[in-house]
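Next up, data.cif (mmCIF, C-alpha atoms):
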```
data_final
loop_
_atom_site.label_atom_id
_atom_site.label_comp_id
_atom_site.auth_asym_id
_atom_site.auth_seq_id
_atom_site.Cartn_x
_atom_site.Cartn_y
_atom_site.Cartn_z
CA MET A 1 16.97 8.97 11.74
CA GLY A 2 18.92 6.25 13.51
CA GLU A 3 18.46 3.62 10.77
CA ARG A 4 21.33 2.08 8.86
CA VAL A 5 21.14 0.11 5.63
CA PRO A 6 24.41 -1.24 4.19
CA GLN A 7 25.72 0.92 1.37
CA ASN A 8 25.69 -1.91 -1.20
CA ILE A 9 21.99 -2.48 -0.49
CA GLN A 10 21.31 1.26 -0.83
CA ASN A 11 23.06 1.20 -4.21
CA LEU A 12 20.99 -1.77 -5.35
CA VAL A 13 17.75 0.03 -4.46
CA ILE A 14 18.93 3.22 -6.22
CA ARG A 15 20.01 1.32 -9.35
CA ASP A 16 16.68 -0.52 -9.48
CA PHE A 17 14.78 2.77 -9.05
CA CYS A 18 16.79 4.39 -11.88
CA GLU A 19 16.15 1.44 -14.17
CA LYS A 20 12.40 1.44 -13.52
CA ASN A 21 12.17 5.20 -14.05
CA ASN A 22 14.46 5.38 -17.10
CA LEU A 23 17.05 7.48 -15.28
CA LEU A 24 20.72 7.29 -16.10
CA TYR A 25 22.63 6.36 -12.94
CA ASN A 26 25.64 8.60 -13.33
CA LEU A 27 27.80 8.82 -10.23
CA SER A 28 27.45 7.73 -6.66
CA ALA A 29 28.23 9.89 -3.63
CA SER A 30 28.37 8.73 0.00
CA GLU A 31 27.68 11.05 2.91
CA TYR A 32 30.09 11.25 5.85
CA ALA A 33 29.00 9.06 8.73
CA MET A 34 28.94 11.79 11.39
CA PRO A 35 25.44 12.50 12.77
CA ARG A 36 23.63 15.48 11.17
CA CYS A 37 26.45 15.92 8.64
CA HIS A 38 25.37 16.81 5.08
CA LYS A 39 28.63 18.08 3.59
CA ILE A 40 28.60 15.69 0.65
CA LEU A 41 24.95 16.49 -0.12
CA ASP A 42 25.84 20.22 -0.11
CA GLN A 43 28.72 19.56 -2.49
CA VAL A 44 26.61 17.42 -4.85
CA ILE A 45 23.95 20.16 -5.03
CA LYS A 46 26.64 22.74 -5.81
CA GLU A 47 27.92 20.61 -8.67
CA LEU A 48 24.57 19.65 -10.14
CA LYS A 49 24.80 21.87 -13.20
CA SER A 50 25.20 19.08 -15.76
CA LEU A 51 22.84 16.59 -14.05
CA ASP A 52 19.03 16.32 -13.90
CA GLY A 53 18.82 15.73 -10.20
CA ILE A 54 19.68 13.55 -7.23
CA VAL A 55 18.43 10.05 -6.40
CA ALA A 56 18.74 9.55 -2.64
CA TYR A 57 18.21 6.17 -1.04
CA SER A 58 15.56 7.50 1.37
CA VAL A 59 13.61 10.62 2.29
CA PHE A 60 15.03 10.20 5.77
CA GLN A 61 18.55 11.03 4.58
CA LEU A 62 17.48 14.65 4.30
CA PRO A 63 18.44 16.88 7.26
CA GLU A 64 16.40 16.14 10.36
CA ASP A 65 16.17 19.83 11.24
CA ASN A 66 13.07 21.31 9.54
CA LYS A 67 14.75 24.59 8.51
CA LYS A 68 17.84 22.87 7.11
CA ARG A 69 15.67 20.38 5.22
CA TYR A 70 13.64 23.21 3.65
CA ALA A 71 16.88 24.98 2.72
CA VAL A 72 18.23 21.91 0.92
CA ILE A 73 15.00 21.38 -1.04
CA ASN A 74 14.75 25.10 -1.90
CA ARG A 75 18.25 25.00 -3.34
CA MET A 76 17.14 22.16 -5.59
CA PHE A 77 14.02 24.16 -6.62
CA LYS A 78 16.14 27.21 -7.47
CA LYS A 79 18.38 25.11 -9.68
CA ASN A 80 15.36 23.45 -11.35
CA LYS A 81 16.62 20.03 -10.31
CA ILE A 82 14.56 17.01 -9.23
CA PHE A 83 15.02 15.16 -5.96
CA TYR A 84 14.15 11.44 -6.12
CA PHE A 85 13.88 9.03 -3.18
CA ALA A 86 14.30 5.42 -4.22
CA LEU A 87 13.02 3.53 -1.18
CA GLU A 88 9.80 5.51 -0.93
CA ASN A 89 9.44 5.83 -4.73
CA MET A 90 8.89 9.56 -4.29
CA THR A 91 9.91 12.68 -6.15
CA ILE A 92 10.09 16.37 -5.25
CA LYS A 93 9.33 18.44 -8.32
CA ASN A 94 6.99 21.07 -6.91
CA GLN A 95 5.45 22.58 -3.77
CA GLU A 96 2.81 19.84 -3.55
CA ASP A 97 5.47 17.09 -3.53
CA LEU A 98 7.35 19.05 -0.89
CA GLU A 99 4.29 19.11 1.36
CA THR A 100 3.78 15.34 0.98
CA ILE A 101 7.34 14.68 2.06
CA GLU A 102 7.21 17.23 4.86
CA ASN A 103 4.11 15.50 6.29
CA ILE A 104 5.93 12.17 6.26
CA TRP A 105 8.91 13.76 7.99
CA LEU A 106 6.76 15.40 10.66
CA LEU A 107 5.00 12.09 11.29
CA LYS A 108 8.29 10.19 11.50
CA LYS A 109 9.38 12.61 14.21
CA THR A 110 6.02 12.44 16.00
CA LEU A 111 5.47 8.67 15.94
CA PRO A 112 8.03 7.89 18.69
CA ASN A 113 5.64 9.75 21.01
CA CYS A 114 2.72 7.53 20.00
CA LEU A 115 1.78 4.00 21.00
CA LYS A 116 4.54 1.73 19.67
CA LYS A 117 4.04 -1.82 20.90
CA ILE A 118 1.82 -4.18 19.00
CA MET B 1 -17.40 3.01 28.52
CA THR B 2 -18.30 6.25 26.77
CA ASN B 3 -19.00 5.56 23.12
CA TYR B 4 -20.32 8.20 20.76
CA LEU B 5 -20.19 6.12 17.57
CA ASN B 6 -23.45 6.36 15.68
CA LYS B 7 -25.66 3.32 15.12
CA ASN B 8 -24.31 2.53 11.64
CA GLU B 9 -20.68 2.80 12.74
CA ALA B 10 -21.28 0.57 15.76
CA GLU B 11 -23.10 -2.04 13.68
CA LEU B 12 -20.35 -2.11 11.08
CA GLY B 13 -17.75 -2.58 13.83
CA GLU B 14 -19.76 -5.43 15.33
CA LYS B 15 -19.91 -7.12 11.92
CA LEU B 16 -16.14 -6.89 11.47
CA LEU B 17 -15.59 -8.39 14.91
CA LYS B 18 -18.13 -11.17 14.42
CA ASN B 19 -17.46 -12.17 10.80
CA GLY B 20 -13.89 -10.93 10.28
CA TYR B 21 -15.04 -8.87 7.32
CA VAL B 22 -17.65 -6.45 6.06
CA ILE B 23 -18.94 -6.00 2.53
CA SER B 24 -20.06 -2.54 1.53
CA LYS B 25 -22.29 -2.13 -1.50
CA GLN B 26 -21.55 1.07 -3.40
CA LYS B 27 -24.57 3.20 -4.29
CA ASP B 28 -22.42 5.44 -6.44
CA LEU B 29 -20.11 3.51 -8.77
CA THR B 30 -18.07 6.54 -9.90
CA HIS B 31 -14.89 5.52 -8.08
CA LEU B 32 -15.07 1.82 -8.89
CA ASN B 33 -15.85 2.58 -12.51
CA TYR B 34 -12.80 4.84 -12.68
CA ILE B 35 -10.62 2.00 -11.37
CA ARG B 36 -12.07 -0.64 -13.67
CA ASN B 37 -11.88 1.62 -16.69
CA LEU B 38 -8.21 2.32 -15.96
CA ILE B 39 -7.46 -1.39 -15.60
CA VAL B 40 -9.20 -2.26 -18.86
CA GLU B 41 -7.55 0.64 -20.71
CA LYS B 42 -4.04 -0.20 -19.54
CA SER B 43 -4.53 -3.95 -20.05
CA SER B 44 -5.60 -3.32 -23.63
CA LYS B 45 -2.56 -1.10 -24.13
CA ILE B 46 -0.14 -3.75 -22.81
CA LEU B 47 -1.76 -6.51 -24.85
CA LYS B 48 -1.90 -4.23 -27.91
CA ILE B 49 -5.59 -4.85 -28.49
CA SER B 50 -8.42 -2.35 -28.82
CA LYS B 51 -10.19 -1.28 -25.65
CA PRO B 52 -13.67 -2.84 -25.32
CA LYS B 53 -16.81 -0.77 -24.81
CA ASP B 54 -17.94 -0.07 -21.22
CA LYS B 55 -20.68 -2.71 -21.31
CA ASP B 56 -18.11 -5.37 -22.26
CA PHE B 57 -15.62 -4.67 -19.43
CA GLU B 58 -16.85 -7.56 -17.28
CA ASN B 59 -16.64 -9.99 -20.18
CA PHE B 60 -13.20 -8.68 -21.20
CA LEU B 61 -11.76 -9.17 -17.71
CA ASN B 62 -13.45 -12.53 -17.09
CA ASN B 63 -12.00 -13.87 -20.32
CA ILE B 64 -8.53 -12.33 -20.27
CA HIS B 65 -7.04 -15.85 -20.13
CA LYS B 66 -8.02 -16.20 -23.77
CA LYS B 67 -5.60 -13.39 -24.60
CA LEU B 68 -2.96 -13.90 -21.92
CA SER B 69 -0.92 -17.01 -21.14
CA VAL B 70 0.21 -18.12 -17.68
CA LYS B 71 3.78 -17.70 -18.91
CA ASN B 72 3.28 -13.99 -19.60
CA LEU B 73 0.99 -13.35 -16.65
CA ASN B 74 3.49 -12.04 -14.11
CA LYS B 75 5.20 -9.66 -16.53
CA PHE B 76 1.79 -8.38 -17.57
CA ARG B 77 0.67 -7.97 -13.96
CA LEU B 78 3.82 -6.05 -12.94
CA LYS B 79 3.47 -3.69 -15.91
CA LEU B 80 -0.16 -3.11 -15.07
CA ILE B 81 0.59 -2.45 -11.40
CA LYS B 82 3.12 0.19 -12.41
CA TYR B 83 0.66 1.82 -14.83
CA ILE B 84 -2.18 2.04 -12.32
CA ASN B 85 -0.02 3.25 -9.44
CA ASP B 86 1.49 5.93 -11.70
CA ASP B 87 -2.00 7.23 -12.48
CA LYS B 88 -2.47 10.34 -10.35
CA ASP B 89 -6.16 9.70 -9.56
CA PHE B 90 -6.12 5.94 -9.08
CA LYS B 91 -5.30 5.83 -5.37
CA ARG B 92 -7.69 8.68 -4.57
CA ASN B 93 -10.52 6.74 -6.24
CA TYR B 94 -9.50 3.56 -4.41
CA PHE B 95 -9.68 5.36 -1.08
CA TYR B 96 -12.96 7.13 -1.89
CA SER B 97 -14.61 3.85 -2.79
CA ALA B 98 -14.04 2.73 0.81
CA LYS B 99 -13.95 6.05 2.66
CA GLN B 100 -17.18 5.73 4.60
CA PRO B 101 -16.60 2.25 6.09
CA LEU B 102 -12.91 3.06 6.66
CA PHE B 103 -13.79 6.15 8.69
CA ALA B 104 -16.23 4.05 10.71
CA LEU B 105 -13.88 1.10 11.27
CA VAL B 106 -10.39 2.63 11.38
CA GLY B 107 -10.66 6.37 11.96
CA ASN B 108 -10.42 9.59 10.03
CA GLU B 109 -6.67 10.24 10.04
CA LEU B 110 -5.52 7.45 7.80
CA ALA B 111 -2.34 6.07 6.27
CA MET B 112 -2.72 4.17 2.98
CA GLN B 113 -0.40 1.60 1.44
CA SER B 114 1.73 3.45 -1.13
CA ARG B 115 1.29 0.86 -3.90
CA VAL B 116 -1.98 -0.99 -4.41
CA ASN B 117 -1.63 -4.69 -5.24
CA LEU B 118 -3.36 -6.43 -8.09
CA SER B 119 -4.22 -10.10 -8.22
CA ILE B 120 -5.09 -11.88 -11.46
CA GLN B 121 -5.99 -15.54 -11.18
CA LEU B 122 -6.39 -17.29 -14.49
CA PRO B 123 -8.48 -20.49 -14.52
CA LYS B 124 -6.47 -23.55 -13.43
CA ASP B 125 -3.31 -21.45 -12.90
CA SER B 126 -1.24 -22.76 -10.01
CA SER B 127 1.40 -20.01 -10.27
CA SER B 128 -0.61 -17.22 -8.61
CA LEU B 129 -1.59 -18.97 -5.40
CA LEU B 130 -1.46 -17.29 -2.03
CA PRO B 131 -1.00 -20.02 0.59
CA ILE B 132 -2.86 -19.65 3.85
CA HIS B 133 -1.37 -16.88 5.97
CA SER B 134 -2.13 -14.06 8.34
CA ASP B 135 -0.50 -10.79 7.32
CA ILE B 136 0.52 -10.18 10.92
CA TRP B 137 2.69 -13.32 10.85
CA SER B 138 4.80 -11.71 8.14
CA GLY B 139 5.28 -8.28 9.68
CA ASP B 140 2.09 -6.29 9.20
CA SER B 141 0.58 -4.40 12.10
CA PRO B 142 -2.67 -5.76 13.58
CA PHE B 143 -3.93 -2.15 13.47
CA GLU B 144 -4.30 -2.39 9.67
CA VAL B 145 -7.30 -3.51 7.63
CA VAL B 146 -7.31 -4.66 4.02
CA VAL B 147 -9.62 -3.08 1.47
CA TRP B 148 -10.15 -5.76 -1.21
CA ILE B 149 -11.86 -4.65 -4.40
CA PRO B 150 -13.12 -7.18 -6.97
CA LEU B 151 -13.19 -6.03 -10.59
CA VAL B 152 -15.36 -9.00 -11.55
CA ASN B 153 -17.90 -11.06 -9.65
CA CYS B 154 -16.04 -13.45 -7.32
CA PHE B 155 -17.41 -16.71 -5.91
CA SER B 156 -16.42 -20.31 -5.09
CA SER B 157 -12.78 -21.00 -6.06
CA LYS B 158 -12.66 -17.68 -7.97
CA THR B 159 -12.57 -15.77 -4.68
CA MET B 160 -10.53 -15.72 -1.46
CA TYR B 161 -11.24 -17.50 1.78
CA LEU B 162 -11.04 -16.25 5.36
CA LEU B 163 -10.99 -18.27 8.55
CA LYS B 164 -13.97 -17.39 10.70
CA PRO B 165 -13.04 -15.45 13.87
CA GLU B 166 -14.66 -17.93 16.27
CA LYS B 167 -12.67 -20.77 14.63
CA TYR B 168 -9.45 -18.75 14.71
CA LYS B 169 -9.69 -18.48 18.49
CA LYS B 170 -9.20 -22.23 18.75
CA ILE B 171 -6.28 -22.21 16.28
CA HIS B 172 -4.64 -19.34 18.15
CA LYS B 173 -4.88 -21.22 21.44
CA ASN B 174 -3.41 -24.42 19.98
CA PHE B 175 -1.02 -22.86 17.48
CA HIS B 176 1.93 -24.93 18.75
CA LYS B 177 0.23 -28.02 17.31
CA TYR B 178 0.48 -26.61 13.80
CA VAL B 179 4.16 -25.63 13.99
CA GLY B 180 6.17 -27.80 11.57
CA GLN B 181 3.19 -28.38 9.28
CA SER B 182 3.38 -27.17 5.68
CA SER B 183 0.98 -24.39 4.74
CA LEU B 184 -0.95 -26.94 2.66
CA ASP B 185 -1.34 -29.26 5.65
CA PHE B 186 -2.36 -26.28 7.75
CA TYR B 187 -4.97 -25.32 5.16
CA LYS B 188 -6.28 -28.89 5.01
CA SER B 189 -6.75 -28.91 8.77
CA ILE B 190 -8.91 -25.77 8.74
CA LYS B 191 -10.55 -25.86 5.31
CA ASN B 192 -13.95 -26.79 6.71
CA ASP B 193 -13.93 -23.68 8.89
CA VAL B 194 -13.13 -21.06 6.26
CA GLU B 195 -15.62 -18.82 4.53
CA TRP B 196 -15.43 -18.27 0.77
CA ILE B 197 -16.27 -14.63 0.28
CA LYS B 198 -18.93 -14.15 -2.36
CA ILE B 199 -18.66 -10.62 -3.66
CA ASN B 200 -19.61 -8.79 -6.84
CA PHE B 201 -18.17 -5.86 -8.74
CA GLY B 202 -19.79 -2.80 -7.15
CA GLU B 203 -19.05 -4.06 -3.64
CA ILE B 204 -15.93 -3.67 -1.53
CA LEU B 205 -14.59 -6.02 1.09
CA ILE B 206 -12.82 -4.87 4.24
CA PHE B 207 -11.30 -7.68 6.26
CA ASN B 208 -9.25 -8.33 9.35
CA GLN B 209 -5.89 -9.42 7.96
CA ALA B 210 -4.98 -11.03 11.28
CA LEU B 211 -7.33 -13.88 10.35
CA PRO B 212 -5.73 -16.61 8.21
CA HIS B 213 -6.73 -16.26 4.56
CA GLY B 214 -5.61 -17.20 1.05
CA ASN B 215 -6.82 -18.68 -2.20
CA ILE B 216 -6.71 -21.97 -4.11
CA ILE B 217 -6.53 -22.83 -7.80
CA ASN B 218 -9.32 -21.04 -9.64
CA LYS B 219 -11.44 -23.94 -10.92
CA GLU B 220 -14.05 -21.68 -12.51
CA SER B 221 -14.04 -20.87 -16.22
CA GLN B 222 -13.42 -17.14 -15.65
CA THR B 223 -10.41 -15.11 -14.52
CA ARG B 224 -10.45 -13.47 -11.11
CA TRP B 225 -9.32 -9.83 -10.88
CA SER B 226 -9.02 -8.18 -7.48
CA MET B 227 -6.99 -5.48 -5.81
CA ASN B 228 -5.91 -5.13 -2.21
CA CYS B 229 -4.60 -2.25 -0.18
CA ARG B 230 -3.94 -1.74 3.51
CA PHE B 231 -5.17 1.18 5.60
CA LYS B 232 -4.42 2.10 9.21
CA SER B 233 -4.78 4.93 11.64
CA ILE B 234 -1.75 7.21 11.17
CA TYR B 235 -0.78 7.21 14.84
CA SER B 236 -1.37 3.51 15.60
CA PRO B 237 1.64 1.16 15.96
CA TYR B 238 3.44 0.11 12.77
CA GLY B 239 4.80 -3.37 12.03
CA ASP B 240 7.68 -3.86 9.60
CA LYS B 241 5.90 -1.66 7.07
CA LYS B 242 6.63 1.91 7.97
CA ILE B 243 5.38 5.38 7.18
CA GLY B 244 7.11 6.69 4.06
CA GLU B 245 8.43 3.45 2.64
CA PHE B 246 5.13 1.51 2.70
CA PHE B 247 2.40 3.80 4.04
CA GLU B 248 1.64 7.41 3.29
CA PRO B 249 -0.66 9.78 5.20
CA ILE B 250 -3.78 10.57 3.18
CA THR B 251 -6.13 12.40 5.53
CA LEU B 252 -3.85 14.29 7.88
CA ARG B 253 -5.87 16.91 9.77
CA VAL B 254 -4.85 20.49 10.35
CA ALA B 255 -4.74 20.15 14.16
CA SER B 256 -2.15 17.39 13.72
CA LYS B 257 -0.08 19.61 11.42
CA ILE B 258 -0.23 22.47 13.93
CA GLY B 259 0.75 20.12 16.74
CA MET B 260 3.62 18.49 14.87
CA LYS B 261 5.14 21.85 13.96
CA TYR B 262 4.71 23.39 17.40
CA HIS B 263 7.70 24.29 19.59
CA LEU B 264 7.44 25.94 22.99
CA PRO B 265 8.97 29.42 22.90
CA LYS B 266 12.58 29.58 24.07
CA THR B 267 13.06 31.17 27.47
CA ASP B 268 16.80 31.80 27.15
CA ASP B 269 18.77 33.90 24.62
#
```

What does the file become when written as structure tokens?
Amino acid sequence: MGERVPQNIQNLVIRDFCEKNNLLYNLSASEYAMPRCHKILDQVIKELKSLDGIVAYSVFQLPEDNKKRYAVINRMFKKNKIFYFALENMTIKNQEDLETIENIWLLKKTLPNCLKKI
Amino acid sequence: MTNYLNKNEAELGEKLLKNGYVISKQKDLTHLNYIRNLIVEKSSKILKISKPKDKDFENFLNNIHKKLSVKNLNKFRLKLIKYINDDKDFKRNYFYSAKQPLFALVGNELAMQSRVNLSIQLPKDSSSLLPIHSDIWSGDSPFEVVVWIPLVNCFSSKTMYLLKPEKYKKIHKNFHKYVGQSSLDFYKSIKNDVEWIKINFGEILIFNQALPHGNIINKESQTRWSMNCRFKSIYSPYGDKKIGEFFEPITLRVASKIGMKYHLPKTDD
């Protein structure tokens, strides 16, 4: 969504989140920099078998396209894996969590059309 | 200007403009009792002491300094903040305790701060001070209000202060004169114009965070316990604190959901 946080800062936030939530930080994966590219995320989901889930830096690293975003989350559901988002301190475990995150996504996409200047 | 606010809503708005704050007395204490019970329960758990009976909650909180040292205060506070924010009904009760005035003052499609803050001010403790500030000066949006909930009766130095709106106008106009001053000097120059908010458990405070506010060393013999949380209209401008990372939508209406998902039909193949 057009925002960039240095990778070392993202790692710090993820590590801190894992520590606070008693999660074992196993391996780190970095997405390719091309816009709308989620190849690494696809690969990580494919190889999730031995892991509990994924800790992403932010909810806004999910695909911007609504259908693609649903597809990614559904794949996680089917594999019974948990999606965590460190910056927002959020988790997708069930349909209710999915709706919370979808609302935030829809708002993020709508807010540029609303009053912006303070 | 067309204005269809009802009499109560209009009066409440006038009060916020004139005084910089409103205090709403709760007729039904269900939500505040839920919050206070949770705080007492989790505090007892952290301190490894037995939970007091309901009638002793006020006394327990007021005298927590007898069981908790300044040295351990911050660790205790952080643990407690995590416990209460992890409770699935805590934030809902926080919102419901202020729902009516929030709808009147802010609107009915609201975003709420994701994590509610807790302030514990032990008597004579200088480590938990909040120097004079306006939240807007540090990146909050002026479209937000703060809902401040006391868990004990707060008064004199056991409460917070707020600069009166009519006095702030003068400060705002001459702000350049205060640049370079320390926050303490700034406080000293306005301390005669601030209002110390007297508020009891059972009441909630909603204030304009654009007005300079803060606290001083608690010189009373009891501990102050209060919580604060920001609310704003979902579609109003955001400051540095954004939707998702700091705010979450809590009363999104169905028409908004329909609108946000709507796409015009495609006219080509």

Q. Using all atoms listed in the file, which residue out of A:Lys68, A:Lys116, A:Lys81, A:Arg75 lies closest to chain B?
A.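 Checking each of A:Lys68, A:Lys116, A:Lys81, A:Arg75 against chain B, counting all atoms listed in the file, the winner is A:Lys116.
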
Taking the file as I've supplied it (selection: the PyMOL selection byres ((chain A) within 8 of (chain B))), which residues are included? Please answer as a PyMOL selection string.
chain A and resi 59+87-89+103-104+106-108+110-111+114-118

- request: Find the residues around Ile206 in chain B up to 7 Å (only C-alpha atoms counted), leave out those fewer than 3 positions away in its own chain, and share them as a ChimeraX atom specification.
  value: /B:21-23,145-148

For Asp42 in chain A, the nearest of the candidates A:Leu24, A:Cys18, A:Leu62, A:Met90, counting all atoms listed in the file: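 The closest residue to Asp42 in chain A is A:Leu62.
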
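Between CA of Trp196 in chain B and CA of Asn215 in chain B there is a distance of 9.1 Å.
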
Correct to one decimal, the distance CA of Pro52 in chain B-CA of Leu80 in chain B is 17.0 Å

Inset, instruction - Do a neighbour search on Ala10 in chain B at 12 Å with only C-alpha atoms, toss out local chain neighbours closer than 3 positions, and write the hits as a PyMOL selection string. - result: chain B and resi 3-7+13-17+101+103-106

Exactly which residues make up the result of the PyMOL selection byres ((chain A and resi 35) around 12) on this file, given as a compact mmCIF listing (two decimals) with C-alpha atoms, in the coordinates of the input?
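The resulting file, expr-v4.txt, is shown below:
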```txt
# COMPACT_ATOMS: atom_id res chain seq x y z
CA MET A 1 16.97 8.97 11.74
CA GLY A 2 18.92 6.25 13.51
CA GLU A 3 18.46 3.62 10.77
CA ARG A 4 21.33 2.08 8.86
CA GLU A 31 27.68 11.05 2.91
CA TYR A 32 30.09 11.25 5.85
CA ALA A 33 29.00 9.06 8.73
CA MET A 34 28.94 11.79 11.39
CA ARG A 36 23.63 15.48 11.17
CA CYS A 37 26.45 15.92 8.64
CA HIS A 38 25.37 16.81 5.08
CA LYS A 39 28.63 18.08 3.59
CA GLN A 61 18.55 11.03 4.58
CA LEU A 62 17.48 14.65 4.30
CA PRO A 63 18.44 16.88 7.26
CA GLU A 64 16.40 16.14 10.36
CA ASP A 65 16.17 19.83 11.24
```

Contact residues around Lys78 in chain A with only C-alpha atoms at 12 Å, ignoring same-chain residues under 3 positions, as a VMD selection string: chain A and resid 45 to 46 48 to 49 71 to 75 81 to 82 93 to 94

To one decimal in Å, tell me the separation between CA of Asn19 in chain B and CA of Ser182 in chain B.
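Distance reported for this atom pair: 26.2 Å.
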
Subject >> Given the PyMOL selection byres ((chain B and resi 120-136) around 8), the residues it picks as an NGL selection string >> reply: :B and (64-65 or 70 or 77 or 118-119 or 137-142 or 158 or 183-184 or 186-187 or 209-226)
